[in-house]
>>> print(open('query-v3.tsv').read())   # TSV, C-alpha atoms
chain	number	residue	atom	x	y	z
A	1001	MET	CA	-111.28	38.75	-198.47
A	1002	ILE	CA	-110.17	40.65	-195.42
A	1003	SER	CA	-110.49	38.59	-192.31
A	1004	ARG	CA	-112.66	39.80	-189.46
A	1005	LYS	CA	-109.55	40.11	-187.30
A	1006	SER	CA	-107.82	42.33	-189.86
A	1007	PHE	CA	-110.91	44.50	-190.18
A	1008	TRP	CA	-111.16	45.14	-186.44
A	1009	LEU	CA	-107.40	45.69	-186.12
A	1010	GLY	CA	-107.57	48.21	-188.95
A	1011	THR	CA	-110.55	49.96	-187.43
A	1012	LEU	CA	-108.74	50.14	-184.11
A	1013	ALA	CA	-105.64	51.60	-185.78
A	1014	VAL	CA	-107.72	54.31	-187.49
A	1015	VAL	CA	-109.49	55.17	-184.24
A	1016	VAL	CA	-106.18	55.42	-182.35
A	1017	ALA	CA	-104.64	57.56	-185.11
A	1018	GLY	CA	-107.72	59.78	-185.10
A	1019	LEU	CA	-107.58	60.20	-181.34
A	1020	VAL	CA	-103.87	61.05	-181.42
A	1021	ALA	CA	-104.37	63.56	-184.22
A	1022	GLY	CA	-107.42	64.99	-182.49
A	1023	VAL	CA	-105.48	65.53	-179.29
A	1024	ALA	CA	-102.59	67.14	-181.18
A	1025	ILE	CA	-104.77	69.44	-183.27
A	1026	GLY	CA	-107.29	70.15	-180.54
A	1027	ASP	CA	-104.60	70.99	-178.05
A	1028	ARG	CA	-103.09	73.52	-180.41
A	1029	LEU	CA	-106.20	75.08	-181.86
A	1030	VAL	CA	-108.63	74.93	-178.96
A	1031	HIS	CA	-106.67	74.87	-175.72
A	1032	GLN	CA	-103.65	76.85	-176.87
A	1033	PRO	CA	-103.54	80.20	-175.13
A	1034	HIS	CA	-104.94	82.88	-177.38
A	1035	HIS	CA	-101.78	84.82	-178.11
A	1036	TYR	CA	-101.74	88.08	-180.03
A	1037	ALA	CA	-97.97	88.40	-180.35
A	1038	GLU	CA	-94.91	86.30	-181.06
A	1039	ALA	CA	-91.31	87.25	-180.42
A	1040	ALA	CA	-87.85	86.29	-181.67
A	1041	TRP	CA	-86.05	86.33	-178.35
A	1042	ALA	CA	-82.45	87.45	-178.15
A	1043	GLU	CA	-81.69	84.53	-175.84
A	1044	VAL	CA	-83.31	81.09	-175.84
A	1045	PHE	CA	-82.00	78.59	-173.33
A	1046	SER	CA	-81.68	74.82	-173.67
A	1047	SER	CA	-81.76	73.95	-169.96
A	1048	THR	CA	-83.07	75.22	-166.65
A	1049	ALA	CA	-79.47	75.63	-165.50
A	1050	GLY	CA	-78.67	77.68	-168.60
A	1051	LEU	CA	-81.67	79.90	-167.92
A	1052	ALA	CA	-80.81	80.30	-164.24
A	1053	HIS	CA	-77.20	81.16	-164.97
A	1054	GLY	CA	-78.04	83.35	-167.96
A	1055	VAL	CA	-80.12	85.95	-166.15
A	1056	ASP	CA	-79.19	88.68	-163.67
A	1057	THR	CA	-82.02	88.07	-161.23
A	1058	ILE	CA	-84.43	85.33	-160.21
A	1059	VAL	CA	-87.23	86.17	-157.82
A	1060	LEU	CA	-90.46	84.88	-156.42
A	1061	ALA	CA	-92.51	88.07	-156.32
A	1062	GLN	CA	-96.04	89.42	-156.07
A	1063	ALA	CA	-97.31	92.02	-158.55
A	1064	LEU	CA	-98.47	95.16	-156.78
A	1065	ASP	CA	-99.17	97.83	-159.34
A	1066	THR	CA	-98.72	98.57	-163.05
A	1067	ARG	CA	-98.22	102.05	-164.46
A	1068	PRO	CA	-97.76	103.44	-167.98
A	1069	GLY	CA	-94.12	103.84	-168.97
A	1070	ARG	CA	-92.16	105.20	-171.91
A	1071	VAL	CA	-93.27	105.19	-175.54
A	1072	ALA	CA	-90.80	104.02	-178.19
A	1073	TYR	CA	-91.03	105.02	-181.84
A	1074	SER	CA	-89.94	103.28	-185.00
A	1075	ASP	CA	-87.07	104.80	-186.93
A	1076	ASN	CA	-89.50	106.39	-189.42
A	1077	GLY	CA	-91.62	107.74	-186.55
A	1078	GLU	CA	-94.85	106.04	-187.67
A	1079	ASP	CA	-94.97	103.12	-185.22
A	1080	THR	CA	-95.52	103.77	-181.54
A	1081	LEU	CA	-94.83	101.13	-178.92
A	1082	PRO	CA	-96.04	101.85	-175.38
A	1083	PHE	CA	-94.43	100.29	-172.33
A	1084	GLN	CA	-95.68	99.64	-168.82
A	1085	VAL	CA	-93.82	99.24	-165.55
A	1086	THR	CA	-94.97	96.79	-162.89
A	1087	GLU	CA	-93.86	97.04	-159.29
A	1088	LEU	CA	-93.47	93.68	-157.58
A	1089	GLU	CA	-92.81	92.85	-153.96
A	1090	VAL	CA	-89.95	90.40	-153.66
A	1091	ILE	CA	-91.06	87.38	-151.63
A	1092	ARG	CA	-87.94	85.32	-152.16
A	1093	PRO	CA	-84.82	86.44	-154.01
A	1094	MET	CA	-83.01	83.46	-155.47
A	1095	LYS	CA	-80.41	85.25	-157.53
A	1096	GLY	CA	-79.46	88.92	-157.47
A	1097	ALA	CA	-81.91	91.52	-156.11
A	1098	ARG	CA	-81.21	90.40	-152.55
A	1099	GLU	CA	-80.97	94.03	-151.56
A	1100	TYR	CA	-84.43	94.89	-152.93
A	1101	ASP	CA	-87.81	94.61	-151.24
A	1102	HIS	CA	-89.45	95.74	-154.45
A	1103	ILE	CA	-88.40	95.49	-158.08
A	1104	PHE	CA	-89.72	97.17	-161.22
A	1105	VAL	CA	-90.21	95.18	-164.41
A	1106	GLU	CA	-90.69	96.97	-167.72
A	1107	ARG	CA	-92.51	95.32	-170.61
A	1108	ALA	CA	-94.01	96.41	-173.94
A	1109	GLY	CA	-97.77	96.87	-173.94
A	1110	GLY	CA	-100.50	99.15	-172.68
A	1111	ILE	CA	-102.18	102.13	-174.30
A	1112	ASP	CA	-100.48	103.84	-177.22
A	1113	PRO	CA	-100.54	107.65	-177.75
A	1114	GLU	CA	-103.61	107.27	-180.03
A	1115	GLY	CA	-105.49	105.64	-177.16
A	1116	GLN	CA	-105.46	102.15	-178.67
A	1117	GLN	CA	-104.87	99.14	-176.46
A	1118	VAL	CA	-101.70	97.33	-177.53
A	1119	ILE	CA	-101.84	93.66	-176.54
A	1120	LEU	CA	-98.40	92.08	-176.54
A	1121	ASP	CA	-98.45	88.74	-174.80
A	1122	ALA	CA	-95.45	86.88	-176.17
A	1123	ASP	CA	-94.01	87.24	-172.65
A	1124	GLY	CA	-97.25	86.18	-170.95
A	1125	GLY	CA	-98.99	89.55	-171.14
A	1126	PRO	CA	-99.62	92.15	-168.45
A	1127	PHE	CA	-98.89	91.16	-164.86
A	1128	GLU	CA	-102.00	90.63	-162.74
A	1129	GLN	CA	-102.20	92.64	-159.56
A	1130	GLY	CA	-101.88	90.39	-156.50
A	1131	ARG	CA	-100.64	87.41	-158.50
A	1132	ILE	CA	-97.38	85.64	-157.52
A	1133	TYR	CA	-94.75	85.01	-160.19
A	1134	LEU	CA	-91.45	83.21	-160.53
A	1135	LEU	CA	-89.40	85.51	-162.78
A	1136	PHE	CA	-86.08	85.26	-164.60
A	1137	LEU	CA	-84.98	88.83	-165.29
A	1138	LYS	CA	-82.24	90.89	-166.81
A	1139	ARG	CA	-81.38	94.40	-165.79
A	1140	GLN	CA	-82.06	97.26	-168.20
A	1141	PRO	CA	-78.74	98.89	-169.09
A	1142	GLY	CA	-78.29	102.13	-167.11
A	1143	SER	CA	-81.55	101.74	-165.23
A	1144	ASN	CA	-83.07	100.21	-162.13
A	1145	TYR	CA	-85.71	98.52	-164.26
A	1146	PHE	CA	-85.60	94.85	-165.12
A	1147	TYR	CA	-87.08	93.02	-168.10
A	1148	GLN	CA	-88.16	89.41	-168.51
A	1149	VAL	CA	-85.45	87.52	-170.40
A	1150	ASN	CA	-87.90	85.66	-172.70
A	1151	ASP	CA	-91.01	83.50	-172.58
A	1152	GLN	CA	-89.07	80.87	-170.60
A	1153	GLY	CA	-88.68	83.49	-167.87
A	1154	ARG	CA	-92.16	83.72	-166.33
A	1155	TYR	CA	-94.19	81.26	-164.23
A	1156	THR	CA	-97.54	82.35	-162.86
A	1157	ALA	CA	-98.93	80.88	-159.65
A	1158	ARG	CA	-102.45	79.60	-160.25
A	1159	GLY	CA	-103.79	77.79	-157.23
A	1160	ALA	CA	-100.96	75.68	-155.88
A	1161	HIS	CA	-99.06	75.38	-159.16
A	1162	PHE	CA	-96.96	77.45	-161.54
A	1163	LEU	CA	-98.01	77.81	-165.14
A	1164	ALA	CA	-95.49	78.58	-167.90
A	1165	VAL	CA	-96.10	81.04	-170.72
A	1166	ASN	CA	-95.31	78.30	-173.24
A	1167	PRO	CA	-95.72	74.88	-171.61
A	1168	ASP	CA	-94.41	73.18	-174.78
A	1169	ASP	CA	-90.98	74.72	-174.35
A	1170	PRO	CA	-88.52	72.07	-173.09
A	1171	VAL	CA	-87.11	74.37	-170.40
A	1172	ALA	CA	-90.49	75.70	-169.30
A	1173	THR	CA	-91.72	72.11	-169.00
A	1174	THR	CA	-89.37	71.57	-166.06
A	1175	LEU	CA	-91.15	74.25	-164.00
A	1176	HIS	CA	-94.66	74.20	-165.48
A	1177	GLY	CA	-97.15	72.47	-163.20
A	1178	GLN	CA	-94.76	72.44	-160.25
A	1179	THR	CA	-95.76	73.67	-156.82
A	1180	VAL	CA	-94.03	76.78	-155.53
A	1181	GLU	CA	-91.80	74.66	-153.28
A	1182	GLN	CA	-90.91	72.24	-156.08
A	1183	ALA	CA	-90.14	75.06	-158.53
A	1184	VAL	CA	-87.99	76.93	-156.03
A	1185	ALA	CA	-86.10	73.73	-155.23
A	1186	ARG	CA	-85.47	73.08	-158.93
A	1187	VAL	CA	-84.21	76.60	-159.55
A	1188	GLU	CA	-81.94	76.48	-156.53
A	1189	ALA	CA	-80.60	73.10	-157.65
A	1190	ALA	CA	-79.98	74.55	-161.12
A	1191	LEU	CA	-78.06	77.44	-159.60
A	1192	ARG	CA	-75.85	75.00	-157.70
A	1193	THR	CA	-74.74	73.36	-160.96
A	1194	SER	CA	-71.86	74.81	-162.95
A	1195	ALA	CA	-72.84	77.29	-165.64
A	1196	PRO	CA	-73.60	75.45	-168.87
A	1197	ARG	CA	-73.13	76.66	-172.43
A	1198	GLY	CA	-74.75	79.97	-173.35
A	1199	PRO	CA	-78.06	80.51	-175.10
A	1200	LEU	CA	-78.90	78.41	-178.15
A	1201	ALA	CA	-76.95	79.29	-181.30
A	1202	LYS	CA	-77.25	83.03	-181.03
B	319	MET	CA	-102.99	34.78	-203.78
B	320	ARG	CA	-105.96	37.06	-204.43
B	321	SER	CA	-106.68	37.29	-200.72
B	322	SER	CA	-103.11	38.31	-199.91
B	323	LYS	CA	-103.25	41.03	-202.61
B	324	ARG	CA	-106.43	42.43	-201.10
B	325	ARG	CA	-104.87	42.32	-197.68
B	326	PHE	CA	-101.87	44.23	-199.03
B	327	VAL	CA	-104.15	46.89	-200.58
B	328	PHE	CA	-106.10	47.18	-197.33
B	329	TRP	CA	-103.00	47.70	-195.19
B	330	ALA	CA	-101.45	50.08	-197.74
B	331	ALA	CA	-104.64	52.17	-197.77
B	332	LEU	CA	-104.64	52.19	-193.97
B	333	LEU	CA	-101.02	53.31	-193.92
B	334	VAL	CA	-101.76	56.17	-196.31
B	335	LEU	CA	-104.73	57.23	-194.19
B	336	CYS	CA	-102.60	57.26	-191.02
B	337	ALA	CA	-99.89	59.24	-192.84
B	338	ILE	CA	-102.46	61.82	-193.95
B	339	VAL	CA	-103.77	62.16	-190.39
B	340	ALA	CA	-100.24	62.42	-188.97
B	341	THR	CA	-99.31	65.03	-191.58
B	342	GLY	CA	-102.37	67.05	-190.63
B	343	ALA	CA	-101.33	66.95	-186.99
B	344	THR	CA	-97.79	68.04	-187.88
B	345	TYR	CA	-99.06	70.98	-189.91
B	346	ALA	CA	-101.41	72.01	-187.13
B	347	SER	CA	-98.55	71.97	-184.64
B	348	HIS	CA	-96.78	74.78	-186.52
B	349	ARG	CA	-99.86	76.92	-186.93
B	350	TRP	CA	-100.09	80.02	-184.77
B	351	TYR	CA	-103.54	79.70	-183.23
B	352	CYS	CA	-105.99	80.07	-186.14
B	353	TRP	CA	-104.67	83.43	-187.37
B	354	LYS	CA	-104.83	84.09	-191.11
B	355	TYR	CA	-105.54	86.95	-193.44
B	356	ALA	CA	-108.83	86.88	-195.32
B	357	ASN	CA	-107.12	85.56	-198.44
B	358	TYR	CA	-103.80	85.31	-200.24
B	359	TYR	CA	-103.90	88.94	-201.43
B	360	ILE	CA	-102.32	91.01	-198.66
B	361	ARG	CA	-101.25	94.65	-198.65
B	362	TRP	CA	-97.60	95.08	-197.76
B	363	TYR	CA	-96.36	98.31	-196.23
B	364	ASN	CA	-92.62	98.50	-195.71
B	365	GLY	CA	-91.93	101.19	-193.12
B	366	GLY	CA	-88.31	100.15	-192.77
B	367	THR	CA	-85.45	102.62	-192.96
B	368	GLY	CA	-81.95	102.30	-194.40
B	369	ASP	CA	-80.84	98.71	-194.87
B	370	TYR	CA	-83.80	97.49	-192.81
B	371	TYR	CA	-86.04	98.61	-195.69
B	372	SER	CA	-84.03	96.34	-198.01
B	373	ILE	CA	-84.04	93.50	-195.50
B	374	PHE	CA	-87.82	93.58	-195.10
B	375	GLN	CA	-88.28	93.92	-198.84
B	376	GLU	CA	-86.01	90.98	-199.65
B	377	GLU	CA	-87.66	88.71	-197.09
B	378	ALA	CA	-91.21	89.66	-198.03
B	379	LYS	CA	-91.01	90.08	-201.79
B	380	GLY	CA	-87.56	90.30	-203.35
B	381	ASP	CA	-85.71	87.04	-202.72
B	382	SER	CA	-86.56	84.00	-204.80
B	383	ASN	CA	-87.48	82.23	-201.56
B	384	SER	CA	-89.35	85.20	-200.07
B	385	TRP	CA	-92.88	84.68	-198.79
B	386	HIS	CA	-94.27	86.35	-201.93
B	387	ASN	CA	-92.22	84.36	-204.43
B	388	TYR	CA	-92.03	80.99	-202.66
B	389	THR	CA	-95.61	80.62	-201.44
B	390	ASP	CA	-99.11	81.32	-202.74
B	391	ILE	CA	-99.25	84.60	-200.84
B	392	TYR	CA	-99.42	87.71	-203.00
B	393	LEU	CA	-98.05	90.82	-201.35
B	394	ALA	CA	-99.22	94.05	-202.94
B	395	SER	CA	-96.89	96.91	-202.04
B	396	VAL	CA	-98.64	100.01	-200.74
B	397	SER	CA	-97.20	103.42	-199.91
B	398	SER	CA	-98.74	103.93	-196.49
B	399	ALA	CA	-99.61	101.88	-193.43
B	400	GLY	CA	-103.17	100.63	-193.12
B	401	SER	CA	-105.48	98.49	-191.07
B	402	SER	CA	-107.37	96.45	-193.66
B	403	ASP	CA	-105.58	93.34	-194.91
B	404	HIS	CA	-102.25	94.98	-194.14
B	405	VAL	CA	-98.86	93.83	-192.98
B	406	ASN	CA	-97.02	96.89	-191.64
B	407	ALA	CA	-93.31	96.51	-191.02
B	408	TYR	CA	-91.03	98.74	-188.94
B	409	ASN	CA	-87.63	98.92	-187.33
B	410	GLY	CA	-86.63	101.03	-184.37
B	411	TYR	CA	-84.63	101.34	-181.19
B	412	TYR	CA	-87.26	99.85	-178.91
B	413	GLY	CA	-84.80	99.34	-176.06
B	414	GLY	CA	-83.89	96.43	-173.77
B	415	THR	CA	-86.94	94.25	-174.20
B	416	GLY	CA	-85.47	90.79	-174.57
B	417	TRP	CA	-86.71	90.47	-178.16
B	418	LEU	CA	-84.99	91.00	-181.48
B	419	GLY	CA	-88.26	91.06	-183.35
B	420	LEU	CA	-91.95	91.10	-182.61
B	421	ALA	CA	-95.06	90.12	-184.56
B	422	GLU	CA	-98.30	91.66	-183.36
B	423	ILE	CA	-101.87	90.93	-184.39
B	424	ARG	CA	-103.07	94.50	-184.14
B	425	SER	CA	-106.67	94.10	-185.29
B	426	TYR	CA	-108.76	91.10	-186.25
B	427	SER	CA	-112.20	89.52	-186.33
B	428	GLY	CA	-112.43	85.91	-185.22
B	429	CYS	CA	-109.40	84.27	-186.80
B	430	THR	CA	-109.07	86.83	-189.60
B	431	VAL	CA	-106.21	89.28	-189.28
B	432	TYR	CA	-106.83	92.80	-190.56
B	433	ASN	CA	-103.68	94.49	-189.38
B	434	GLY	CA	-100.45	92.75	-188.50
B	435	ARG	CA	-97.36	94.58	-187.39
B	436	ALA	CA	-93.77	93.32	-187.64
B	437	ARG	CA	-91.01	95.06	-185.70
B	438	LEU	CA	-87.23	94.70	-185.67
B	439	ASN	CA	-85.46	95.91	-182.55
B	440	MET	CA	-82.32	97.82	-183.53
B	441	SER	CA	-81.30	98.14	-179.87
B	442	TYR	CA	-80.11	94.54	-180.17
B	443	LEU	CA	-79.68	94.06	-183.92
B	444	GLU	CA	-77.24	96.95	-184.25
B	445	GLY	CA	-75.09	95.33	-181.55
B	446	GLY	CA	-73.16	92.74	-183.51
B	447	TYR	CA	-75.84	90.81	-185.38
B	448	SER	CA	-75.07	90.01	-189.03
B	449	ARG	CA	-77.24	90.93	-191.98
B	450	THR	CA	-78.21	87.27	-192.28
B	451	ASN	CA	-79.34	87.32	-188.63
B	452	LYS	CA	-81.47	90.40	-189.30
B	453	LYS	CA	-82.99	88.79	-192.39
B	454	HIS	CA	-83.81	85.66	-190.36
B	455	VAL	CA	-85.72	87.71	-187.80
B	456	ALA	CA	-87.52	89.78	-190.47
B	457	CYS	CA	-88.55	86.59	-192.27
B	458	GLN	CA	-89.81	85.05	-189.02
B	459	GLU	CA	-91.90	88.04	-187.91
B	460	VAL	CA	-93.57	88.35	-191.29
B	461	GLY	CA	-94.14	84.58	-191.36
B	462	HIS	CA	-95.87	84.72	-187.98
B	463	LEU	CA	-98.37	87.25	-189.31
B	464	PHE	CA	-99.40	84.84	-192.07
B	465	GLY	CA	-100.27	82.28	-189.38
B	466	LEU	CA	-97.11	80.31	-188.67
B	467	GLU	CA	-95.77	79.34	-185.24
B	468	HIS	CA	-92.14	78.74	-184.30
B	469	ASN	CA	-90.64	75.51	-185.62
B	470	ARG	CA	-87.66	74.23	-183.66
B	471	GLY	CA	-87.68	70.91	-185.47
B	472	ALA	CA	-85.91	72.12	-188.60
B	473	SER	CA	-82.72	74.10	-189.08
B	474	ASN	CA	-83.53	75.27	-192.61
B	475	THR	CA	-86.32	77.70	-191.79
B	476	CYS	CA	-86.54	81.22	-190.44
B	477	MET	CA	-89.43	80.02	-188.25
B	478	ASN	CA	-86.87	78.31	-186.01
B	479	ASP	CA	-86.42	80.75	-183.14
B	480	THR	CA	-83.32	79.09	-181.73
B	481	ILE	CA	-81.13	79.95	-184.72
B	482	LEU	CA	-80.57	83.10	-186.80
B	483	THR	CA	-78.90	81.65	-189.86
B	484	ALA	CA	-81.75	80.52	-192.12
B	485	PRO	CA	-83.39	83.65	-193.56
B	486	TYR	CA	-86.01	81.87	-195.65
B	487	PRO	CA	-89.07	79.65	-195.30
B	488	ASN	CA	-88.64	75.94	-196.02
B	489	ALA	CA	-90.84	73.56	-197.99
B	490	HIS	CA	-92.88	72.73	-194.89
B	491	ASP	CA	-93.63	76.43	-194.33
B	492	ARG	CA	-94.59	76.79	-197.98
B	493	ASP	CA	-96.91	73.79	-197.89
B	494	LEU	CA	-98.49	74.98	-194.65
B	495	ILE	CA	-98.99	78.52	-196.00
B	496	ASN	CA	-100.45	77.14	-199.21
B	497	SER	CA	-102.83	74.94	-197.24
B	498	ILE	CA	-104.02	77.98	-195.28
B	499	TYR	CA	-104.43	80.28	-198.28
>>> encode(input="query-v3.tsv", output="structure tokens")
Amino acid sequence: MISRKSFWLGTLAVVVAGLVAGVAIGDRLVHQPHHYAEAAWAEVFSSTAGLAHGVDTIVLAQALDTRPGRVAYSDNGEDTLPFQVTELEVIRPMKGAREYDHIFVERAGGIDPEGQQVILDADGGPFEQGRIYLLFLKRQPGSNYFYQVNDQGRYTARGAHFLAVNPDDPVATTLHGQTVEQAVARVEAALRTSAPRGPLAK
Amino acid sequence: MRSSKRRFVFWAALLVLCAIVATGATYASHRWYCWKYANYYIRWYNGGTGDYYSIFQEEAKGDSNSWHNYTDIYLASVSSAGSSDHVNAYNGYYGGTGWLGLAEIRSYSGCTVYNGRARLNMSYLEGGYSRTNKKHVACQEVGHLFGLEHNRGASNTCMNDTILTAPYPNAHDRDLINSIY
């Protein structure tokens, strides 16, 4: 016979396991942001310092306006990929861009030549007008445009806190949920450290 | 004696139950939202050019550990792009975007994907990346469209987005795909 103690211990273990699994599954399937795109980023960083040192520009900036940009085509000409350009007012330059009041960030997405909305949100999606962002950017070769380095490179101010594109990412975790002041302090501290190893295994 | 045997069976059964629950949670953690095609039979359009055509073809259908050969998914090659149960694959010079490859859920209803698009960005990939690297990215983008998320916990799968040296799904990917389809 199973003792009463064993029975209740077993029941408790099953309940705890169920709760843990429920949280894990529920968090992914219910609360996970509804993404329509995934990307293999050219650079993925293993630390906040690596991210800070690996980009050209870090800014705290407010999105002003987004306009349609170029359209890229696949090599066989069948696939069209629209781009959009967002103008942001620089509130606080932390690395590079100290000479700019405004910067322009290009990203894939928008309306394609057939008039279809192309939703690409692996980078966090379109910038929201008026919203404040902490951005880690690289400069487009031969252009004044910047692009977001990867999904570790955008933090959106919601209320008093920054939200990461992918809060599960170990680097994004260090800035996700931080206040503006805390995040800025962490980035500036990261910039004061010596440059660590490059991006992960790429 | 009898009592201790029963106790052993009870605790063993409990352990198995917990393992099943934990396995379910692990699988769920590598699922991309709830995206999936309607069933295992998916139309495959390869719009790649040059060696990128071969790379897409090997990763999707040709290699012994391709998605088609290694999992329950059946990819039916079609000669033109489409928007009903289609995976459409392309390569191009998309410019400085930060990404080597992109998987896009182009059209869907609820969790069911009708049209998924995989892209390889030659602006980066033609700049010193090996053929193995390109195959890794192609494998990953196609794998996303079947419903898989990145997996940084294993170094033997193309779904790991921190490496570019494993151009194939692993057993975990296969089991997860087979549980979805």
>>> closest_residue(input="query-v3.tsv", among="A:Tyr1100, A:Glu1087, A:Ile1111, A:Ser1047", to="Val1171 in chain A", atoms="only C-alpha atoms")
A:Ser1047
>>> residues_around(input="query-v3.tsv", residues="Gly1142 in chain A", least_positions_apart="3", cutoff="12 Å", atoms="only C-alpha atoms", output="NGL selection string")
(:A and (1138-1139 or 1145-1146)) or (:B and (413-414))
>>> write_last_selection(input="query-v3.tsv", atoms="C-alpha atoms", output="PDB file, in the coordinates of the input")
ATOM      1  CA  LYS A1138     -82.240  90.890-166.810  1.00  0.00           C
ATOM      2  CA  ARG A1139     -81.380  94.400-165.790  1.00  0.00           C
ATOM      3  CA  TYR A1145     -85.710  98.520-164.260  1.00  0.00           C
ATOM      4  CA  PHE A1146     -85.600  94.850-165.120  1.00  0.00           C
TER       5      PHE A1146
ATOM      6  CA  GLY B 413     -84.800  99.340-176.060  1.00  0.00           C
ATOM      7  CA  GLY B 414     -83.890  96.430-173.770  1.00  0.00           C
TER       8      GLY B 414
END
>>> residues_around(input="query-v3.tsv", residues="Gly1109 in chain A", least_positions_apart="5", cutoff="8 Å", atoms="only C-alpha atoms", output="list in words")
Leu1081, Pro1082, Phe1083, Gln1084, Gln1117, Val1118, Ile1119, Leu1120, Gly1125 and Pro1126 of chain A
>>> atom_distance(input="query-v3.tsv", atom1="CA of Arg1070 in chain A", atom2="CA of Asn433 in chain B")
23.5 Å
>>> closest_residue(input="query-v3.tsv", among="B:Thr367, B:Asn383, B:Ser401, B:Ser372", to="chain A", atoms="all atoms listed in the file")
B:Thr367
>>> decode(input="query-v3.tsv", residues="range 410-430 of chain B", atoms="C-alpha atoms", output="CSV table (one decimal), in the first residue's frame")
chain,number,residue,atom,x,y,z
B,410,GLY,CA,19.0,38.1,-53.6
B,411,TYR,CA,21.1,41.1,-52.9
B,412,TYR,CA,18.8,42.6,-50.3
B,413,GLY,CA,21.4,45.0,-48.9
B,414,GLY,CA,22.7,45.8,-45.5
B,415,THR,CA,19.9,44.6,-43.3
B,416,GLY,CA,21.7,42.8,-40.5
B,417,TRP,CA,20.3,39.4,-41.5
B,418,LEU,CA,21.8,36.6,-43.5
B,419,GLY,CA,18.4,34.9,-44.0
B,420,LEU,CA,14.8,35.7,-43.3
B,421,ALA,CA,11.7,33.5,-42.8
B,422,GLU,CA,8.4,35.3,-43.4
B,423,ILE,CA,4.8,34.1,-42.7
B,424,ARG,CA,3.3,35.8,-45.7
B,425,SER,CA,-0.3,34.6,-45.4
B,426,TYR,CA,-2.1,32.5,-42.8
B,427,SER,CA,-5.4,31.8,-41.0
B,428,GLY,CA,-5.2,31.4,-37.3
B,429,CYS,CA,-2.1,29.2,-36.8
B,430,THR,CA,-2.2,27.7,-40.3
